[in-house]
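Note sheet for the following structure.
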Amino acid sequence: MIDHVALAPAYAAAGTALLAFLTDLIVGRRGAVLTVTALGAAATVAAALWVPGPRTSFCGAAGCSYVWDDFAAVVGVTVAVAAFVAVLLCAPLLRAGVAPSGELCFLIGAAMTGGVVLGASRDLITLIVAIETLTLPLYAAVALRRRELASAQAAVTFFTVSVVSTAVTLLGAALLYAVTGTVHLNRLAAALTGGDAGPTQEQLQAAARVRLLAEAGTTEVVAVPAQPAASLPPGMAALAAAAVALVLVGLAFKVAAVPLHAWAPATYDGAPLPVAAFLSTASKAGGVAAILLVVVVGLGPQLAVAGPILAALAVVTMTVGNLVALRQQRMVRLLAWSSIAQAGYILAPLGVFALADGRSPDALRGAVMASLAYAVLFVLLELGAFAAVVALRGAADGGDLDDYRGAARRRPFVAGAFVLAMAGLAGLPPGLAGLFAKVTVVRSLLEGASGWLALVVALNAVVGAAYYVRASLALFRSPEGADEAPWPRVAWPVAVALVLVTIGAVVVGFAPQLVLSAVDLVIVG
Amino acid sequence: MLNVVLLVPALGALVAALLPARLDRAGRIVATVAAAVTFVAAALLAVDRHPPRFGVLRPWQEVNVAWVPSLDLSWHLGVDGISYPLVVLTALLTLLCAGFTVARVPGGRHGRHLAALLLVIEVGILGTFLALDLVLFFVFFEVVLLPMFAVIAIWGGPERRHAARKFVLYTLLGSVLLLVGVFTVVAGAGTADLVTLSDGAGATMTYGTQLAAFVLLAIAFAVKSPLWPLHTWLPDAHTEAPTVGSVILAGVLLKMGTYGLIRVAVGVAPDAAREVAPALGVLAVAAIIVGSLVCLAQTELKRLIAYSSVGHMGFVLLGVATLSPAGIRAALIANIAHGVITGLLFFLAGAVKDRAHTGDLTALGGLRETAPGLSGLLGFAAIASLGLPGLAGFWGEAFAVVAAVQRGGPLWTTLGVLGAVGGALTAAYFLRLLRRVTHGPAAPSVAALGERGRLTGAELWAWAPLAALALVLGLAPALVVAVADAPVTALTEVVSE
C-alpha cells in the first residue's frame, strides 16, 4: 500500500528535477530554468512542512521502509532550503555561460530528491539508495565548469573516494544482514538485542516501540535498549561490531569526517561555487541524517561499539580540520577545511555514547537533538558564507584571500553578511545562531557526562576562531596598489539568497528555540 | 529600567553604524547621546529598590523572561550592591569615550563605527554585570570579544593585527572554558539561575563537580582579569589599542573577570572556593610582584600602565581570595578605583603619545615645561594609582593586604607582607615614570610641542569627571562600600559556613 501523501515531498523534489530538464529542452532560456528550479525547491520545502507526520509507506511484514515523520521533515526542509539557495547562487555562473543551465539545475534537483527521501528511509537499502541519489548527480555537477581542468580533477577525486566509501558502507550493511537477517532499522535493533535472526513476538513488540516515530502529541515512545549485544553468539557479536564500524566509516565520507575527508578541499575548490555550497550543506546534512538513523534507530543496542568510534571520529575530525584550515590561503579551501572541522562538532554530541553514562535515554535524546540542531544551524551559516562569496566573486571561483581586499569598502553590506556568517561559524556574537549551536553541543556533552569531549570542542573553537577572524579581516584590508579589480555587480537572485539566508540567521540567532523545538520533537525517547 | 540600560546603547549603535559616511560626525553625536541616556538610566537603577527579604543574592530589581528554555537560558537581569557601582562606572567610561570620539577619531576614519562598537562593547559589559542567569552571563561575556577585536585591529597602532589576534584568541580561550564551566554547573545543579544557585542549589553539587566547575570558571575569569601567568595578551592589546579602546579595556573590561569570580565562581561553588583560595592568593601575589618588577624595567609608557594593571588586578584577586568580608569589600573598591584611575592614565598616555609621537620613556622628559597641565594631571593620576592615602587607589590595596593578614596563618601573613612589598614597588615605578616623563630637561620631541602642549576642551571634559572621582572615592570610599555591604556579608557567610 503506497501512501502518496507521505511521498509528496519526494514527488515535489523529483518533479523539480524533471521540470528543470523539460524547461531547458522546451523553453531553453536560462532564466526560465532557474525560476522553475527555484520554485520547485520552494515547493519541496512547503511540501516537507505541510505533510502531517507520521505517515508510513512501503510497509511489509517486516516493517515500513518509508516513514515521513518530524525527523524526515527537518532533514527534508534543510536539504530543500540548501538546494533553493544553491540554485539562486547559480545565476552569475549561468549568465557568464560557465556552466550549462539545464544540466546544473537538473542535477541539483535530482540530488535534492535523494536528500528528501533519505530522511524518511527506514531500511538500509532505501537509505543507501537515497544517499547515493544525493551524491551521484553531484559527481557530474562538480565537473560542470567548462574549460576548467580543476573541475574535472575535482569530480574524479570525488567519484573515486565516494565509490570506495559506498562499497565500505554496503559491505557493512551486508554483514549486518548476515548477522540479523533483516535490513529494516527497527528489526535490526531488535535482532541485535535478542539472539538469532528470528526475533520472537515479544522482541518484535519491543522493536515496534524502538523507533524515531513520534506519535503526534505524545511522548510515550520508549528509549532504545541500552544493553550491549550480550546475547548474540560470540562470533556473531564480533561480526556485528565490525559491521557497525564499516557502516559508520563509510557514512563518515558523506559528512567529510577524517579520515575520509581528503576529497573535500580539492572537490569544493574545483567545483562551481553553488555546487560546493550544496555539497558542504545538503550533502553533509544528509550524511548526518544517515548516521543518526543508523546509529540511534538501527544500531541502538550496539551503541557501546558505535560510541567510541563516533567520539574518535569527532575528535580527530575537528582537530585536523581546524589545524589545517589555519594554513589555507584560498577562500574555498578554507571554507572546506572549516566545514570538515564543523562536521567534527556535529558528530561530537554522539560521542557521549562512548561512556556508559552517556547511553541513558536522556543523554541520548540530548545528543541527537544537539547534533541535529548543530547541523541545521551550520547549514544556514555555511549557506550565508557561500552566498556572500558568490556575491563578491560572481562567476569566478573562490580565489585567494588576498583577492578580497577592499571588499568591505566597496560592498559593505555583503561584507557585513560575510562577517556575520564567519562569526556564526566561529560561534561568536554577533553570529548568535552559531553561538547557540556551540552552546547546545557543549550542553549535551556535559549532560551526557562527557566533560572531556566538551573541553576538546571548546579548545577547538579557539583554534577555529583564528582562521575565521583571518578570513573576515581579509575583506577589511586595503587593496594593494591602485589597479583595483572592479567588483562584479551582485546578481539579484544572489542578492535575494544572501538577504534571505542572513535574515534567517539573525532570526534564528535571537530565537534559537525555533530550531531547538523543531529538532526536539523529532527524537522523543 | 534594566532593559532600557541595555536597549538604548544597542539601538544607538545600530543607528550610528547605519548612518552614511557624510554624516560621520552626526553618528558620533548620536552614539554619545545614547551613551548619556544609558548613563542616566544606569544611575537611576539605585532609585527603585525592592530587594527580596531573604536569600544570598538579593537584587534590587529583576526582569525574568524565558528566552531559550531548551538551553536553560532566560532573560534574567538584576542589579544589586555588588554590580551597581560597576554598572555606573561602565556607563560613565563609555560616555566619556564616546564623547571623546566626537572631538577626535584615531586615524581620522570611520568615527561613527568606532563609537558604535564602543556602544556594543558597553552592551556586553553591562549585560555581564546585570545577568542573573549563568547562560545569559556567558552570552554577554562573549558579546564583547569581536567588537573589542575590531577596535584594536582597525583603529590601533602599527602592530595592531598581531595584538588584536592575541587578544581575541586568549580571551576566547577564557570564554570557552567559561562555557564548559557554566554547563558543568547547569548539569550538576539542574538550574542556571544565579539567585537559586547562590541560595544553595550550587552547594548541592557533588564536591568533585564543584571543584571542576570552580577551576574552570576561575581560569576563565583569570584570563579576563588577567591573572598572572595568563596575562600576556594584555600589554600588547593595550599598547596597540587606540586610547578609547585602552580606557574601556582597562577601565571596565577587565572587571568582568573579577566580578565573575566574586559573583559566579565563589557564589556558585563556595566549598570549592574555600579549597582553592590559597592557590588563588599565591597567584595574585605573584601577579603583584611580577607586575611591579616588569614595570620597573619598562620603557614604554602605555606598556608600563598596562603592566601596572596586572599588579593592581593582583590586589583585587588577593582581596577576593581571602573570602572575608573585608577582603571582598577591598576587591570591590579596588576594582572601581582601578577603573577610574587607569582609565584616566590611559587617556593621559594617549594624549602624550599623540603629541610627542612616541611613548618611549627615554625619548620623553621635561613634559611639565611645555605641557604643564598634562604633566600635572599625569602626576595626579600616577600618585592616585600608587595608592596615596586620600586618593581612590589607597583603600582597595591597603585593605586587601589587611584582609590577608587578618586571615592569619603563615601562608596568608606571608602573602599579605609580599603584597605590601608589591605596593612599595608600585610606588617606586610610578615615581620613576614621573621622573622620566615630567621632570628633567625637555627631550626634543617634547620641547617641540609649543602650543600643542595645552589641553583641549574635549580632553578636559573627558578627564575631569575621572579626576574628580579619584579624589571623591579616596575621601569617601563608603560610596562604594556601603551599597555593597549587605550582599558581601551575605556572600561571605555562605562561604565561611
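Starting from 1 in every chain, residues are counted up; chains themselves are A, B, ... following the order of the C-alpha cells, and ligands are numbered from 1 as listed.
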
>> Residues of chain B within 7 Å of chain A, counting only C-alpha atoms, what are they? List them as a ChimeraX atom specification.
In response: /B:68,70-71,142-143,169,172-173,176-177,180,183-184,187

Go ahead and dump the residues you just picked, C-alpha atoms, as a PDB file, in the first residue's frame.
ATOM      1  CA  VAL B  68      15.565  29.617  25.166  1.00  0.00           C
ATOM      2  CA  SER B  70      15.955  24.162  25.833  1.00  0.00           C
ATOM      3  CA  LEU B  71      19.264  25.711  26.858  1.00  0.00           C
ATOM      4  CA  GLU B 142      31.210  36.716  24.576  1.00  0.00           C
ATOM      5  CA  VAL B 143      29.466  39.743  23.064  1.00  0.00           C
ATOM      6  CA  LEU B 169      42.340  34.128  20.999  1.00  0.00           C
ATOM      7  CA  LEU B 172      38.195  33.367  23.658  1.00  0.00           C
ATOM      8  CA  LEU B 173      40.098  30.609  25.432  1.00  0.00           C
ATOM      9  CA  VAL B 176      35.096  28.702  26.070  1.00  0.00           C
ATOM     10  CA  LEU B 177      36.329  27.452  29.423  1.00  0.00           C
ATOM     11  CA  VAL B 180      32.228  24.412  29.802  1.00  0.00           C
ATOM     12  CA  PHE B 183      27.286  23.847  31.780  1.00  0.00           C
ATOM     13  CA  THR B 184      29.174  21.793  34.330  1.00  0.00           C
ATOM     14  CA  ALA B 187      24.309  19.805  34.523  1.00  0.00           C
TER      15      ALA B 187
END

>> I need the residues in region 226-424 of chain B that are alpha helix (DSSP H) according to DSSP; give them as a PyMOL selection string.
In response: chain B and resi 233-240+243-248+255-260+267-268+270-296+301-322+325-356+367-370+372-386+392-407+409-424

Would you mind exporting C-alpha atoms of the selected residues as a short mmCIF file (atom, residue, chain, number, x, y, z; two decimals), in the first residue's frame?
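Result saved to part.cif:
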data_model
loop_
_atom_site.label_atom_id
_atom_site.label_comp_id
_atom_site.auth_asym_id
_atom_site.auth_seq_id
_atom_site.Cartn_x
_atom_site.Cartn_y
_atom_site.Cartn_z
CA TRP B 233 47.71 39.34 25.97
CA LEU B 234 47.15 42.48 28.00
CA PRO B 235 50.31 44.55 27.38
CA ASP B 236 50.15 44.02 23.61
CA ALA B 237 46.47 44.81 23.43
CA HIS B 238 46.90 47.98 25.49
CA THR B 239 49.94 49.21 23.65
CA GLU B 240 48.30 48.89 20.25
CA THR B 243 43.13 55.50 23.52
CA VAL B 244 39.41 54.93 23.93
CA GLY B 245 39.94 51.19 23.47
CA SER B 246 42.57 51.11 26.21
CA VAL B 247 40.36 53.09 28.54
CA ILE B 248 37.42 50.72 28.13
CA LYS B 255 36.38 43.92 35.72
CA MET B 256 34.23 41.31 34.04
CA GLY B 257 36.80 38.79 35.24
CA THR B 258 36.93 39.89 38.86
CA TYR B 259 33.19 40.41 39.01
CA GLY B 260 32.63 36.95 37.58
CA GLY B 267 28.77 32.35 44.66
CA VAL B 268 28.05 29.08 42.88
CA PRO B 270 31.53 28.07 47.75
CA ASP B 271 33.03 24.79 49.03
CA ALA B 272 35.47 24.58 46.16
CA ALA B 273 36.27 28.27 46.52
CA ARG B 274 37.38 27.64 50.09
CA GLU B 275 39.71 24.89 48.94
CA VAL B 276 41.24 26.70 46.01
CA ALA B 277 41.50 30.14 47.64
CA PRO B 278 45.12 29.75 48.84
CA ALA B 279 46.29 28.89 45.32
CA LEU B 280 44.43 31.92 44.02
CA GLY B 281 46.06 34.06 46.70
CA VAL B 282 49.53 32.86 45.75
CA LEU B 283 48.93 33.62 42.09
CA ALA B 284 47.51 37.04 42.96
CA VAL B 285 50.60 37.97 44.95
CA ALA B 286 52.80 36.63 42.17
CA ALA B 287 50.92 38.93 39.81
CA ILE B 288 51.52 41.89 42.11
CA ILE B 289 55.25 41.24 42.38
CA VAL B 290 55.80 40.28 38.74
CA GLY B 291 53.71 43.20 37.50
CA SER B 292 55.69 45.67 39.61
CA LEU B 293 59.08 44.28 38.67
CA VAL B 294 58.24 44.33 34.97
CA CYS B 295 57.05 47.91 35.34
CA LEU B 296 60.35 48.92 36.92
CA LEU B 301 54.52 54.46 28.56
CA LYS B 302 51.36 52.52 27.65
CA ARG B 303 53.02 49.17 28.24
CA LEU B 304 54.04 50.32 31.69
CA ILE B 305 50.50 51.31 32.56
CA ALA B 306 49.26 48.02 31.13
CA TYR B 307 51.61 46.03 33.35
CA SER B 308 50.63 48.17 36.30
CA SER B 309 47.10 46.87 35.65
CA VAL B 310 48.39 43.34 36.14
CA GLY B 311 49.69 44.37 39.57
CA HIS B 312 46.52 46.23 40.52
CA MET B 313 44.28 43.38 39.49
CA GLY B 314 46.53 41.17 41.62
CA PHE B 315 45.41 43.19 44.65
CA VAL B 316 41.79 42.74 43.63
CA LEU B 317 42.23 38.99 43.34
CA LEU B 318 44.11 38.85 46.62
CA GLY B 319 41.13 40.51 48.24
CA VAL B 320 38.74 38.01 46.67
CA ALA B 321 40.97 35.08 47.61
CA THR B 322 40.76 35.90 51.31
CA PRO B 325 34.07 40.48 54.07
CA ALA B 326 36.95 42.92 54.40
CA GLY B 327 38.80 41.30 51.52
CA ILE B 328 35.87 41.29 49.13
CA ARG B 329 35.00 44.85 50.03
CA ALA B 330 38.60 45.77 49.33
CA ALA B 331 38.37 43.98 46.00
CA LEU B 332 35.26 45.89 45.02
CA ILE B 333 36.66 49.29 45.89
CA ALA B 334 39.99 48.45 44.24
CA ASN B 335 38.06 47.38 41.15
CA ILE B 336 36.29 50.71 40.88
CA ALA B 337 39.37 52.73 41.79
CA HIS B 338 41.45 50.96 39.20
CA GLY B 339 38.78 51.58 36.59
CA VAL B 340 38.71 55.29 37.32
CA ILE B 341 42.45 55.87 37.72
CA THR B 342 43.72 53.62 34.96
CA GLY B 343 41.06 54.95 32.63
CA LEU B 344 42.44 58.41 33.32
CA LEU B 345 46.04 57.21 32.97
CA PHE B 346 45.34 55.73 29.55
CA PHE B 347 43.63 58.91 28.42
CA LEU B 348 46.72 60.84 29.51
CA ALA B 349 49.17 58.39 28.00
CA GLY B 350 47.24 58.57 24.74
CA ALA B 351 47.43 62.36 24.85
CA VAL B 352 51.18 62.28 25.48
CA LYS B 353 51.76 59.82 22.65
CA ASP B 354 49.59 61.80 20.26
CA ARG B 355 51.54 64.97 20.98
CA ALA B 356 55.09 63.67 21.23
CA LEU B 367 56.82 67.46 29.98
CA ARG B 368 55.99 69.94 32.72
CA GLU B 369 57.90 72.67 30.91
CA THR B 370 55.98 72.53 27.65
CA PRO B 372 52.20 71.81 32.47
CA GLY B 373 48.51 70.90 32.55
CA LEU B 374 49.07 67.49 31.05
CA SER B 375 52.03 66.71 33.27
CA GLY B 376 50.19 67.88 36.36
CA LEU B 377 47.28 65.56 35.63
CA LEU B 378 49.66 62.71 34.87
CA GLY B 379 51.32 63.29 38.22
CA PHE B 380 47.96 63.29 39.96
CA ALA B 381 46.85 60.06 38.27
CA ALA B 382 50.15 58.31 38.92
CA ILE B 383 50.07 59.22 42.59
CA ALA B 384 46.47 58.10 42.84
CA SER B 385 47.43 54.83 41.20
CA LEU B 386 50.35 54.15 43.52
CA ALA B 392 40.97 56.25 45.41
CA GLY B 393 43.81 53.78 44.90
CA PHE B 394 44.67 53.57 48.57
CA TRP B 395 41.70 51.82 50.12
CA GLY B 396 41.47 48.73 47.99
CA GLU B 397 45.11 47.85 48.09
CA ALA B 398 45.63 48.64 51.74
CA PHE B 399 42.63 46.63 52.82
CA ALA B 400 43.44 43.71 50.56
CA VAL B 401 46.71 43.43 52.45
CA VAL B 402 44.99 43.93 55.78
CA ALA B 403 42.43 41.26 54.95
CA ALA B 404 45.17 38.81 54.03
CA VAL B 405 47.00 39.43 57.29
CA GLN B 406 43.73 39.13 59.22
CA ARG B 407 43.13 35.73 57.67
CA GLY B 409 48.30 31.66 59.49
CA PRO B 410 51.77 31.60 57.97
CA LEU B 411 50.59 31.46 54.34
CA TRP B 412 48.21 34.41 54.42
CA THR B 413 50.56 36.52 56.55
CA THR B 414 53.35 35.94 54.06
CA LEU B 415 51.01 36.80 51.21
CA GLY B 416 49.98 39.98 53.00
CA VAL B 417 53.58 41.02 53.57
CA LEU B 418 54.55 40.27 49.99
CA GLY B 419 51.54 42.22 48.79
CA ALA B 420 52.69 45.19 50.84
CA VAL B 421 56.15 44.91 49.30
CA GLY B 422 54.48 44.92 45.91
CA GLY B 423 52.66 48.09 46.93
CA ALA B 424 56.01 49.71 47.71
#

> Skipping near chain neighbours, those fewer than 4 positions away, what residues fall within 10 Å of Val168 (chain A) using only C-alpha atoms, listed as a list in words?
Replying inline: Ser162, Val163, Val164, Gly172, Ala173, Ala174, Ala243, Ala245, Leu246, Val247, Leu248, Val249, Gly250 and Leu251 of chain A

Can you write out the residues you just picked, keeping N, CA and C atoms, as a PDB file, in the first residue's frame?
ATOM      1  N   SER A 162      34.179   8.466  -3.244  1.00  0.00           N
ATOM      2  CA  SER A 162      32.790   8.156  -2.970  1.00  0.00           C
ATOM      3  C   SER A 162      32.482   6.688  -3.241  1.00  0.00           C
ATOM      4  N   VAL A 163      32.996   6.178  -4.349  1.00  0.00           N
ATOM      5  CA  VAL A 163      32.738   4.785  -4.683  1.00  0.00           C
ATOM      6  C   VAL A 163      33.309   3.864  -3.616  1.00  0.00           C
ATOM      7  N   VAL A 164      34.515   4.171  -3.185  1.00  0.00           N
ATOM      8  CA  VAL A 164      35.133   3.340  -2.149  1.00  0.00           C
ATOM      9  C   VAL A 164      34.278   3.355  -0.891  1.00  0.00           C
ATOM     10  N   GLY A 172      29.390  -3.239   5.126  1.00  0.00           N
ATOM     11  CA  GLY A 172      28.874  -3.227   6.486  1.00  0.00           C
ATOM     12  C   GLY A 172      27.413  -3.637   6.530  1.00  0.00           C
ATOM     13  N   ALA A 173      26.629  -3.098   5.594  1.00  0.00           N
ATOM     14  CA  ALA A 173      25.200  -3.423   5.569  1.00  0.00           C
ATOM     15  C   ALA A 173      24.995  -4.906   5.299  1.00  0.00           C
ATOM     16  N   ALA A 174      25.809  -5.459   4.399  1.00  0.00           N
ATOM     17  CA  ALA A 174      25.692  -6.878   4.086  1.00  0.00           C
ATOM     18  C   ALA A 174      26.013  -7.726   5.299  1.00  0.00           C
ATOM     19  N   ALA A 243      30.657  -4.850  11.434  1.00  0.00           N
ATOM     20  CA  ALA A 243      29.680  -4.280  10.513  1.00  0.00           C
ATOM     21  C   ALA A 243      29.349  -2.844  10.909  1.00  0.00           C
ATOM     22  N   ALA A 245      31.209  -0.754  12.541  1.00  0.00           N
ATOM     23  CA  ALA A 245      32.348   0.107  12.228  1.00  0.00           C
ATOM     24  C   ALA A 245      32.383   0.432  10.740  1.00  0.00           C
ATOM     25  N   LEU A 246      32.156  -0.587   9.890  1.00  0.00           N
ATOM     26  CA  LEU A 246      32.221  -0.362   8.439  1.00  0.00           C
ATOM     27  C   LEU A 246      31.145   0.617   7.986  1.00  0.00           C
ATOM     28  N   VAL A 247      29.927   0.410   8.473  1.00  0.00           N
ATOM     29  CA  VAL A 247      28.834   1.297   8.071  1.00  0.00           C
ATOM     30  C   VAL A 247      29.145   2.735   8.473  1.00  0.00           C
ATOM     31  N   LEU A 248      29.631   2.914   9.704  1.00  0.00           N
ATOM     32  CA  LEU A 248      29.901   4.261  10.199  1.00  0.00           C
ATOM     33  C   LEU A 248      30.998   4.950   9.411  1.00  0.00           C
ATOM     34  N   VAL A 249      32.080   4.197   9.163  1.00  0.00           N
ATOM     35  CA  VAL A 249      33.194   4.811   8.449  1.00  0.00           C
ATOM     36  C   VAL A 249      32.767   5.182   7.039  1.00  0.00           C
ATOM     37  N   GLY A 250      31.980   4.306   6.420  1.00  0.00           N
ATOM     38  CA  GLY A 250      31.501   4.620   5.078  1.00  0.00           C
ATOM     39  C   GLY A 250      30.645   5.869   5.058  1.00  0.00           C
ATOM     40  N   LEU A 251      29.768   5.991   6.048  1.00  0.00           N
ATOM     41  CA  LEU A 251      28.900   7.170   6.091  1.00  0.00           C
ATOM     42  C   LEU A 251      29.691   8.425   6.458  1.00  0.00           C
TER      43      LEU A 251
END

>> Using only C-alpha atoms, which protein or nucleic acid residues come within 12 Å of Pro465 (chain B)? Drop anything in the same chain fewer than 6 positions from it, and give the result as a ChimeraX atom specification.
In response: /B:89,92-93,95-97,340-341,343-344,459,471-473

> Suppose you want the space between CA of Thr492 (chain B) and CA of Val5 (chain B); what is it in Å?
Replying inline: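 Computing it gives 29.1 Å between the two atoms.
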
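Shell of region 479-482 of chain B at 7 Å, with only C-alpha atoms counted and residues fewer than 2 places along the chain excluded, is Pro85, Arg329, Ile333, Ala476, Pro477, Ala484 and Asp485 of chain B.
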
Keeping only C-alpha atoms, write those residues as a tab-separated table (two decimals), in the first residue's frame.
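The resulting file, result_39.tsv, is reproduced below:
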chain	number	residue	atom	x	y	z
B	85	PRO	CA	28.98	50.53	41.09
B	329	ARG	CA	35.00	44.85	50.03
B	333	ILE	CA	36.66	49.29	45.89
B	476	ALA	CA	34.67	58.73	50.84
B	477	PRO	CA	35.17	55.06	49.88
B	484	ALA	CA	27.92	46.56	48.58
B	485	ASP	CA	27.90	45.85	52.30

>> So that I can check the surroundings of Leu185 (chain A), please list as a VMD selection string every protein, DNA and RNA residue that reaches within 9 Å of it, counting only C-alpha atoms and ignoring chain neighbours fewer than 2 positions away.
In response: chain A and resid 63 65 122 to 124 182 to 183 187 to 190 211 293 to 294 297 to 299

Store the residues picked out above in a file with C-alpha atoms, as a CSV table (one decimal), in the first residue's frame.
chain,number,residue,atom,x,y,z
A,63,GLY,CA,8.1,-3.1,8.9
A,65,SER,CA,10.7,1.3,4.6
A,122,ARG,CA,13.9,3.3,7.4
A,123,ASP,CA,15.7,0.3,5.9
A,124,LEU,CA,19.3,0.0,5.0
A,182,THR,CA,16.9,-8.1,8.2
A,183,VAL,CA,17.5,-4.7,6.7
A,187,ARG,CA,14.1,-5.0,13.3
A,188,LEU,CA,17.9,-4.6,13.3
A,189,ALA,CA,17.7,-3.1,16.7
A,190,ALA,CA,15.5,-6.0,17.9
A,211,ARG,CA,11.9,3.9,16.6
A,293,LEU,CA,19.2,6.9,11.7
A,294,VAL,CA,21.6,4.0,11.5
A,297,VAL,CA,17.5,3.6,15.4
A,298,GLY,CA,19.2,0.6,13.8
A,299,LEU,CA,22.2,0.1,16.0

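Shortest atom-to-atom contact with Leu425 (chain A) among A:Val376, A:Arg489, A:Gln342, A:Arg405: A:Gln342, counting only C-alpha atoms.
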